[in-house]
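Enquirer: Starting off with a structure, shown below.
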Amino acid sequence: MSLHAGTKLEKVLAAGQFALTTEVGPPRGPDVEEVLKKADILKGMADAYNVTDNQTAVVRMSSIAGSKILLDAGLEPVAQMTCRDRNRIAMQSDLLGASALGLKNILAISGDHQGAGASGKLKGHPGAKGVYDVDSIQLINIIKNMRDEGVQAGGDTLTSKPQFFIGAAWTPLGPPIEFRVLRLAKKVAAGADFIQTQAVYDIKAFAEQMAKAVDMGLTEKTAILPGLIVPRSAGMLNYMNKNVPGVVVPQELIDRMKAASDPQAEGVKVTLELIEQVRELPGVKGVHLQAIEAEELLPEIINQAGLSPRPEV
Amino acid sequence: MANNSTADFQPQITLLYCRQSLAAEAKPVQGNRSGDGFSARLVLLPCSSKVQLPHLMRLLEQGSDGLQIAACPEKACQHLVGSNRAEKRIARGRELLEQVGMGAERLGLDRGAGLSLDDLMEMAGQRAEAVRALGPNPMKGV
Amino acid sequence: MITAEWKPIEEMVGYLRGHKKVLVIGCATCVAECAAGGEREVETLAPLLAMAMQNDGNPIEVKSATLERQCEPEFLEAIAEAAAEADAIVSVACGIGMQLVAERYADTSLYPGVNTTSLSIREEPGLWTSRCAACGDCVLGFTFGLCPVARCAKSLQNGPCGGTRTNGMCEINEDTPCIWRLIVERATARGRLEDLTKVRPPKNWSNSPAGGPKRMLREDLRS
Ligand code: SF4
Ligand code: SF4
């Protein structure tokens with residue numbers, strides 16, 4: 001199989017190695033140092049690092065700029081792009097720019113609604129006009145057509161074809177559950193080369209959705225990386241279970257975290273078990289591992305899971 | 001010219017009362033009565049559900065110091081939900097009055113059954129007390 | 001219907017400072033149905049504005065009228081006399097009606113008493129919910145008659161985002177159903193879930209407000 005973009009992530013997957021991605025959220029300011037600090041902790045730990053695009057609709061350093069800083073520091077970025085803030089003109093222009101800067105892994109997502117920024121402690125910009133010119137599936141297809149056909153969405157040709165390894169998100173356990181695998185199939189049909197999922201804790205339910213994806217042949221066409229977020233307390237799991245759409249946390253797990261004398265250590269243990277469990281599932285090609293506000297836990301987890309050092313490809 | 005000193009202020013209350021809330025033996029009364037430190041104009045309604053905001057706002061625009069609605073107890077309304085609707089409308093009216101700087105207390109609804117004329121006057125008197133703190137209706141004499 | 005809702009009275013007071021004779025006008029059509037600009041609302045607002053302006057130290061004289069329809073020129077003549085006397089008009093009709101009034105009575109200041117918000121239905125007494133956003137490229141034929149443009153917070157065309165709440169409501173409002181959940185349910189009930197698996201291409205927004213002011217021309221109807 002010829003490679004689309006030849007990124008490290010793509011090569012690891014092509015070589016049949018268990019892939020590992022994680023996330024670096026850009027700062028709410030122009031500080032390169034902030035990005036480099038996180039890069040320092042995580043360098044060498046993962047195959048690629050997602051750089052979020054104004055997540056929760058709060059203004060941060062742009063995903064493309066953050067990605068370029070990582071790239072220069074020797075970490076391979078996955079630049080996220082939401083449909084909230086750009087129309088198809090800006091998207092394609094930014095994609096060409098990203099390509100020119102050497103950014104080749106792109107993750108296309110709908111994005112949190114602009115109203116979401118005001119939900120936490122921050123004010124956000126709830127009065128902003130959301131764009132939503134195209135949706136994430138249409139964006140995936142636009143990127144694919146730029147790459148494979150060298151054409152823009154409007155039909156004009158590009159002077160040359162940018163190389164991209166195209167990612168998409170999947171919420172396997174969100175309602176309406178019967179449609180979630182079909183929506184995944186649409187993303188794959190549109191051109192998604194790899195998939196990172198919403199955080200998974202309910203392995204049984206996730207396994208059922210994965211089995212359907214395998215049945216439909218989707219795992220032959222795309223690499224699925226389940227999302228795992230290191231649990232740090234019972235409260236955090238409770239919160240996610242109740243408030244984060246598509247995240248289902250089994251009660252036993254919440255109870256187990258509650259009973260733990262050292263929740264942080266228990267969270268690391270739980271994560272290691274989750275990695276083992278998803279690894280067993282047919283069709284799973286890696287994990288997308290996050291430790292929110294606790295990146296320093298990741299190296300230990302990755303080492304103990306036997307996922308370090310990352311393969312040279 | 002309205003007298004603005006609180007001590008001399010004799011609130012003029014318009015009391016709109018539901019016929020059904022009156023005691024069976026009580027004779028419906030209409031017109032002006034004077035109470036202790038206030039005066040009341042009694043208006044008979046077939047049902048409290050008949051009170052509408054335009055009417056209430058006009059009464060205040062025309063200078064009434066306060067409006068009091070006497071409605072049937074929740075379960076007793078002859079139109080079943082009539083008095084509940086009236087209650088919600090009054091709540092909205094109070095909000096609007098607050099917004100225009102008139103004060104929510106210029107409008108109120110209370111429920112009662114088997115009411116006598118004295119009971120009605122007592123309700124009007126309570127509204128008068130609530131209104132007293134707000135002073136005379138600034139629309140008076142405009 | 002076109003829905004509208006009252007602006008804060010404080011904002012109206014700001015407009016009316018310096019005016020003396022104000023005419024409040026409503027419309028007995030859509031805005032009456034959504035309880036913003038029918039006769040009842042006009043006759044509530046007019047005395048409220050008089051009181052608000054009195055308390056603001058800028059007393060005004062208020063007259064009121066409710067037109068049968070504010071978006072048809074012939075109905076505007078009914079207020080010709082009142083408009084000539086007034087030095088400001090507050091309209092609680094939709095933005096369409098307001099503009100016709102502003103054009104017909106161009107010498108008088110026209111102020112909006114409402115914000116025009118949506119094309120909605122009255123779902124229950126006291127509750128109106130969006131149905132259409134006049135996108136100019138209707139996709140109801142692909143979505144089982146449920147609009148993903150007006151009723152999805154992200155106007156998604158290919159299925160629900162990851163934000164659908166566990167109880168099936170939209171991520172941005174716990175009282176608004178995720179329309180894609182409803183579309184999927186209706187497709188399932190019809191045994192046609194398969195129809196939703198085709199990737200829908202980007203929409204053509206050029207016939208929506210994004211494409212610039214609409215000019216709809218029908219030669220066969222012109223004189
Ligand atoms: S698809 Fe467009 S035209 Fe059709 S109902 Fe929705 S907004 Fe209106
Ligand atoms: S939850 Fe449903 S309705 Fe709300 S933005 Fe997502 S897809 Fe649209």
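Chains: A, B, ... in order of the structure tokens. Residues: from 1 per chain. Ligands: from 1, in order shown.
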Using only C-alpha atoms and all ligand atoms, what are the residues with an atom within 10 Å of ligand 2, set out as a VMD selection string?

Expert: (chain A and resid 110 to 113 174 to 176 245) or (chain C and resid 148 to 165 168 to 174 176 to 183)

Enquirer: Can those selected residues be exported to a file as a CSV table (one decimal), in the first residue's frame so that it contains C-alpha atoms?

Expert:
chain,number,residue,atom,x,y,z
A,110,SER,CA,-17.4,19.5,13.9
A,111,GLY,CA,-16.0,21.4,16.9
A,112,ASP,CA,-17.7,22.5,20.1
A,113,HIS,CA,-20.4,25.1,19.4
A,174,GLY,CA,-23.3,8.6,21.8
A,175,PRO,CA,-27.0,8.5,21.0
A,176,PRO,CA,-28.6,7.6,18.7
A,245,PRO,CA,-21.7,13.5,25.8
C,148,PRO,CA,-31.0,20.0,10.1
C,149,VAL,CA,-30.2,23.6,9.1
C,150,ALA,CA,-32.5,25.4,11.5
C,151,ARG,CA,-32.8,22.7,14.1
C,152,CYS,CA,-29.2,21.5,14.5
C,153,ALA,CA,-27.0,24.0,16.3
C,154,LYS,CA,-24.2,23.2,13.8
C,155,SER,CA,-26.4,22.8,10.7
C,156,LEU,CA,-24.8,19.4,10.2
C,157,GLN,CA,-25.8,17.6,7.0
C,158,ASN,CA,-24.5,14.1,7.6
C,159,GLY,CA,-25.7,13.0,11.0
C,160,PRO,CA,-25.3,13.9,14.7
C,161,CYS,CA,-22.1,15.4,16.1
C,162,GLY,CA,-20.5,13.8,19.1
C,163,GLY,CA,-22.3,16.2,21.4
C,164,THR,CA,-25.7,14.5,21.6
C,165,ARG,CA,-26.5,14.1,25.3
C,168,GLY,CA,-30.9,12.6,23.3
C,169,MET,CA,-31.0,16.3,23.7
C,170,CYS,CA,-28.6,18.7,21.9
C,171,GLU,CA,-25.3,19.6,23.4
C,172,ILE,CA,-26.0,23.3,23.5
C,173,ASN,CA,-29.5,23.2,25.1
C,174,GLU,CA,-30.8,20.5,27.3
C,176,THR,CA,-33.8,21.1,22.6
C,177,PRO,CA,-33.8,17.7,21.1
C,178,CYS,CA,-30.9,16.7,19.0
C,179,ILE,CA,-32.6,16.9,15.6
C,180,TRP,CA,-30.3,14.2,14.2
C,181,ARG,CA,-31.5,11.9,16.9
C,182,LEU,CA,-35.0,12.6,15.7
C,183,ILE,CA,-34.1,12.2,12.0

Enquirer: Which residues of chain B are close to chain C, meaning at most 6 Å apart when you count only C-alpha atoms, and how do they look as a PyMOL selection string?

Expert: chain B and resi 53-54+57-58+61+100

Enquirer: Output the selection as a PDB file, in the first residue's frame - all heavy atoms for each residue.

Expert:
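Produced file part-v5.pdb, reproduced below:
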ATOM      1  N   LEU B  53     -53.603  41.764  30.705  1.00  0.00           N
ATOM      2  CA  LEU B  53     -52.590  42.792  30.949  1.00  0.00           C
ATOM      3  C   LEU B  53     -52.935  44.163  30.363  1.00  0.00           C
ATOM      4  O   LEU B  53     -52.697  45.176  31.030  1.00  0.00           O
ATOM      5  CB  LEU B  53     -51.216  42.325  30.451  1.00  0.00           C
ATOM      6  CG  LEU B  53     -50.550  41.241  31.303  1.00  0.00           C
ATOM      7  CD1 LEU B  53     -49.160  40.926  30.768  1.00  0.00           C
ATOM      8  CD2 LEU B  53     -50.454  41.687  32.764  1.00  0.00           C
ATOM      9  N   PRO B  54     -53.472  44.224  29.126  1.00  0.00           N
ATOM     10  CA  PRO B  54     -53.754  45.565  28.597  1.00  0.00           C
ATOM     11  C   PRO B  54     -54.653  46.370  29.542  1.00  0.00           C
ATOM     12  O   PRO B  54     -54.390  47.545  29.819  1.00  0.00           O
ATOM     13  CB  PRO B  54     -54.471  45.287  27.274  1.00  0.00           C
ATOM     14  CG  PRO B  54     -53.973  43.947  26.856  1.00  0.00           C
ATOM     15  CD  PRO B  54     -53.760  43.176  28.132  1.00  0.00           C
ATOM     16  N   MET B  57     -52.671  47.369  32.706  1.00  0.00           N
ATOM     17  CA  MET B  57     -51.676  48.416  32.443  1.00  0.00           C
ATOM     18  C   MET B  57     -52.352  49.773  32.215  1.00  0.00           C
ATOM     19  O   MET B  57     -51.839  50.808  32.627  1.00  0.00           O
ATOM     20  CB  MET B  57     -50.802  48.039  31.240  1.00  0.00           C
ATOM     21  CG  MET B  57     -49.949  46.803  31.487  1.00  0.00           C
ATOM     22  SD  MET B  57     -48.913  46.956  32.963  1.00  0.00           S
ATOM     23  CE  MET B  57     -48.984  45.312  33.630  1.00  0.00           C
ATOM     24  N   ARG B  58     -53.512  49.752  31.545  1.00  0.00           N
ATOM     25  CA  ARG B  58     -54.262  51.003  31.338  1.00  0.00           C
ATOM     26  C   ARG B  58     -54.678  51.610  32.680  1.00  0.00           C
ATOM     27  O   ARG B  58     -54.575  52.812  32.892  1.00  0.00           O
ATOM     28  CB  ARG B  58     -55.521  50.769  30.515  1.00  0.00           C
ATOM     29  CG  ARG B  58     -55.321  50.620  29.037  1.00  0.00           C
ATOM     30  CD  ARG B  58     -54.959  51.902  28.309  1.00  0.00           C
ATOM     31  NE  ARG B  58     -54.649  51.533  26.927  1.00  0.00           N
ATOM     32  CZ  ARG B  58     -53.729  52.084  26.163  1.00  0.00           C
ATOM     33  NH1 ARG B  58     -53.011  53.085  26.621  1.00  0.00           N
ATOM     34  NH2 ARG B  58     -53.508  51.658  24.946  1.00  0.00           N
ATOM     35  N   GLU B  61     -51.739  53.215  34.037  1.00  0.00           N
ATOM     36  CA  GLU B  61     -51.387  54.397  33.236  1.00  0.00           C
ATOM     37  C   GLU B  61     -52.318  55.557  33.610  1.00  0.00           C
ATOM     38  O   GLU B  61     -51.926  56.720  33.605  1.00  0.00           O
ATOM     39  CB  GLU B  61     -51.508  54.079  31.745  1.00  0.00           C
ATOM     40  CG  GLU B  61     -51.008  55.212  30.844  1.00  0.00           C
ATOM     41  CD  GLU B  61     -51.450  55.050  29.392  1.00  0.00           C
ATOM     42  OE1 GLU B  61     -52.406  54.288  29.135  1.00  0.00           O
ATOM     43  OE2 GLU B  61     -50.835  55.683  28.524  1.00  0.00           O
ATOM     44  N   VAL B 100     -40.323  48.933  34.086  1.00  0.00           N
ATOM     45  CA  VAL B 100     -40.598  50.329  33.717  1.00  0.00           C
ATOM     46  C   VAL B 100     -40.477  51.275  34.908  1.00  0.00           C
ATOM     47  O   VAL B 100     -40.816  52.449  34.816  1.00  0.00           O
ATOM     48  CB  VAL B 100     -41.981  50.506  33.037  1.00  0.00           C
ATOM     49  CG1 VAL B 100     -42.056  49.685  31.765  1.00  0.00           C
ATOM     50  CG2 VAL B 100     -43.125  50.160  33.982  1.00  0.00           C
TER      51      VAL B 100
END

Enquirer: To check your reading of the model: which residues sit at most 10 Å from ligand 1 when counting only C-alpha atoms and all ligand atoms? Write the answer as a PyMOL selection string.

Expert: chain C and resi 119+130-143+145-152+155+157+203+205+207-208

Enquirer: Emit the selected residues as a JSON list (two decimals), in the first residue's frame, including N, CA and C atoms.

Expert:
[["chain", "number", "residue", "atom", "x", "y", "z"],
["C", 119, "LEU", "N", -38.15, 31.42, 12.22],
["C", 119, "LEU", "CA", -39.33, 30.88, 11.54],
["C", 119, "LEU", "C", -39.71, 29.64, 12.34],
["C", 130, "SER", "N", -37.97, 26.64, 16.44],
["C", 130, "SER", "CA", -37.55, 26.83, 15.04],
["C", 130, "SER", "C", -37.92, 25.66, 14.16],
["C", 131, "ARG", "N", -38.23, 25.99, 12.93],
["C", 131, "ARG", "CA", -38.46, 24.95, 11.95],
["C", 131, "ARG", "C", -37.66, 25.17, 10.68],
["C", 132, "CYS", "N", -37.39, 26.42, 10.33],
["C", 132, "CYS", "CA", -36.76, 26.70, 9.04],
["C", 132, "CYS", "C", -35.84, 27.90, 9.19],
["C", 133, "ALA", "N", -34.77, 27.93, 8.40],
["C", 133, "ALA", "CA", -33.86, 29.08, 8.43],
["C", 133, "ALA", "C", -33.78, 29.72, 7.05],
["C", 134, "ALA", "N", -34.74, 29.41, 6.19],
["C", 134, "ALA", "CA", -34.76, 29.98, 4.83],
["C", 134, "ALA", "C", -33.40, 29.82, 4.16],
["C", 135, "CYS", "N", -32.90, 28.60, 4.12],
["C", 135, "CYS", "CA", -31.54, 28.37, 3.60],
["C", 135, "CYS", "C", -31.49, 28.38, 2.08],
["C", 136, "GLY", "N", -32.63, 28.35, 1.44],
["C", 136, "GLY", "CA", -32.63, 28.45, -0.02],
["C", 136, "GLY", "C", -32.18, 27.21, -0.77],
["C", 137, "ASP", "N", -32.04, 26.09, -0.06],
["C", 137, "ASP", "CA", -31.57, 24.85, -0.70],
["C", 137, "ASP", "C", -32.11, 23.72, 0.17],
["C", 138, "CYS", "N", -33.41, 23.53, 0.10],
["C", 138, "CYS", "CA", -34.09, 22.68, 1.09],
["C", 138, "CYS", "C", -33.67, 21.22, 1.01],
["C", 139, "VAL", "N", -33.33, 20.66, 2.15],
["C", 139, "VAL", "CA", -32.88, 19.27, 2.19],
["C", 139, "VAL", "C", -33.87, 18.36, 2.91],
["C", 140, "LEU", "N", -35.07, 18.87, 3.16],
["C", 140, "LEU", "CA", -36.03, 18.06, 3.92],
["C", 140, "LEU", "C", -36.30, 16.71, 3.26],
["C", 141, "GLY", "N", -36.12, 16.66, 1.95],
["C", 141, "GLY", "CA", -36.34, 15.40, 1.23],
["C", 141, "GLY", "C", -35.32, 14.32, 1.57],
["C", 142, "PHE", "N", -34.20, 14.72, 2.17],
["C", 142, "PHE", "CA", -33.18, 13.75, 2.55],
["C", 142, "PHE", "C", -33.21, 13.47, 4.05],
["C", 143, "THR", "N", -33.99, 14.25, 4.78],
["C", 143, "THR", "CA", -33.90, 14.16, 6.23],
["C", 143, "THR", "C", -35.26, 13.85, 6.87],
["C", 145, "GLY", "N", -38.11, 15.00, 6.54],
["C", 145, "GLY", "CA", -38.98, 16.12, 6.89],
["C", 145, "GLY", "C", -38.59, 16.86, 8.15],
["C", 146, "LEU", "N", -37.36, 16.67, 8.63],
["C", 146, "LEU", "CA", -36.90, 17.38, 9.84],
["C", 146, "LEU", "C", -35.69, 18.22, 9.42],
["C", 147, "CYS", "N", -35.71, 19.49, 9.73],
["C", 147, "CYS", "CA", -34.69, 20.40, 9.18],
["C", 147, "CYS", "C", -33.38, 20.40, 9.98],
["C", 148, "PRO", "N", -32.28, 19.96, 9.36],
["C", 148, "PRO", "CA", -30.99, 19.96, 10.05],
["C", 148, "PRO", "C", -30.28, 21.31, 9.95],
["C", 149, "VAL", "N", -30.86, 22.24, 9.21],
["C", 149, "VAL", "CA", -30.21, 23.56, 9.11],
["C", 149, "VAL", "C", -30.68, 24.43, 10.28],
["C", 150, "ALA", "N", -31.99, 24.55, 10.42],
["C", 150, "ALA", "CA", -32.52, 25.41, 11.48],
["C", 150, "ALA", "C", -32.50, 24.72, 12.84],
["C", 151, "ARG", "N", -32.58, 23.39, 12.84],
["C", 151, "ARG", "CA", -32.81, 22.70, 14.11],
["C", 151, "ARG", "C", -31.58, 22.00, 14.67],
["C", 152, "CYS", "N", -30.48, 22.02, 13.94],
["C", 152, "CYS", "CA", -29.21, 21.52, 14.48],
["C", 152, "CYS", "C", -28.35, 22.74, 14.73],
["C", 155, "SER", "N", -25.89, 23.01, 12.07],
["C", 155, "SER", "CA", -26.39, 22.81, 10.70],
["C", 155, "SER", "C", -25.71, 21.63, 10.01],
["C", 157, "GLN", "N", -25.05, 18.16, 8.13],
["C", 157, "GLN", "CA", -25.78, 17.56, 7.01],
["C", 157, "GLN", "C", -25.64, 16.04, 6.95],
["C", 203, "LYS", "N", -23.41, 21.99, 1.14],
["C", 203, "LYS", "CA", -24.61, 22.69, 0.68],
["C", 203, "LYS", "C", -24.25, 23.93, -0.12],
["C", 205, "TRP", "N", -24.99, 27.51, -0.31],
["C", 205, "TRP", "CA", -25.60, 28.55, 0.53],
["C", 205, "TRP", "C", -25.88, 29.83, -0.25],
["C", 207, "ASN", "N", -28.11, 30.69, -2.18],
["C", 207, "ASN", "CA", -29.51, 31.12, -2.24],
["C", 207, "ASN", "C", -30.07, 31.41, -0.85],
["C", 208, "SER", "N", -29.18, 31.50, 0.13],
["C", 208, "SER", "CA", -29.58, 31.83, 1.51],
["C", 208, "SER", "C", -29.16, 33.28, 1.76]]

Enquirer: Which residue gives the smallest distance to chain A among C:Lys63, C:Lys21, C:Lys7, C:Arg186, with only C-alpha atoms counted?

Expert: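 So, comparing all the options, the nearest one is C:Arg186.
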
Enquirer: Could you list, as an MDAnalysis selection string, every residue within 7 Å of stretch 64-80 of chain A, counting only C-alpha atoms and ignoring same-chain residues fewer than 3 positions away?

Expert: chainID A and resid 26 39 43 47:53 61 98 101 105:108

Enquirer: Could you tell me how far atom CA of B:Lys88 sits from atom CA of C:Gly113, in Å to one decimal place?

Expert: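 Straight-line distance from atom CA of C:Gly113 to atom CA of B:Lys88 works out to 22.8 Å.
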
Enquirer: What's the separation between atom CA of C:Gly95 and atom CA of C:Thr116, in Å to one decimal place?

Expert: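 Between these atoms lies a distance of 6.1 Å.
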
Enquirer: Please provide the set of residues having any atom within 8 Å of B:Asp65, restricted to only C-alpha atoms, with same-chain residues fewer than 4 positions apart removed, written as a VMD selection string.

Expert: chain B and resid 11 to 14 60 106 131 136 to 137

Enquirer: Show me, as a list in words, the residues that have an atom within 8 Å of A:Glu295 when counting only C-alpha atoms, minus same-chain residues fewer than 5 positions from it.

Expert: Lys38, Ile41, Leu42 and Gln290 of chain A

Enquirer: Excluding B:Leu109 and any residue of its chain fewer than 2 positions from it, enumerate the residues within 12 Å of it, using only C-alpha atoms, and give them as an MDAnalysis selection string.

Expert: chainID B and resid 14:18 48:49 51 66:73 83:94 104:107 111:112 120 123:124 126:127

Enquirer: To test your reading of the structure, identify every residue in stretch 120-194 of chain C that backbone DSSP assigns to strand (DSSP E or B), and report it as a list in words.

Expert: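 Here are the strand (DSSP E or B) residues of stretch 120-194 of chain C: Ser120, Ile121, Arg122, Glu123, Glu124, Leu127, Trp128, Thr129, Ser130, Arg131, Cys132, Met169, Cys170, Asn173, Glu174, Asp175, Thr176 and Pro177 of chain C.
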
Enquirer: Calculate how many Å separate atom CA of A:Pro299 from atom CA of A:Ile229, rounding to one decimal.

Expert: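 If I compute the distance from atom CA of A:Pro299 to atom CA of A:Ile229, I get 14.0 Å.
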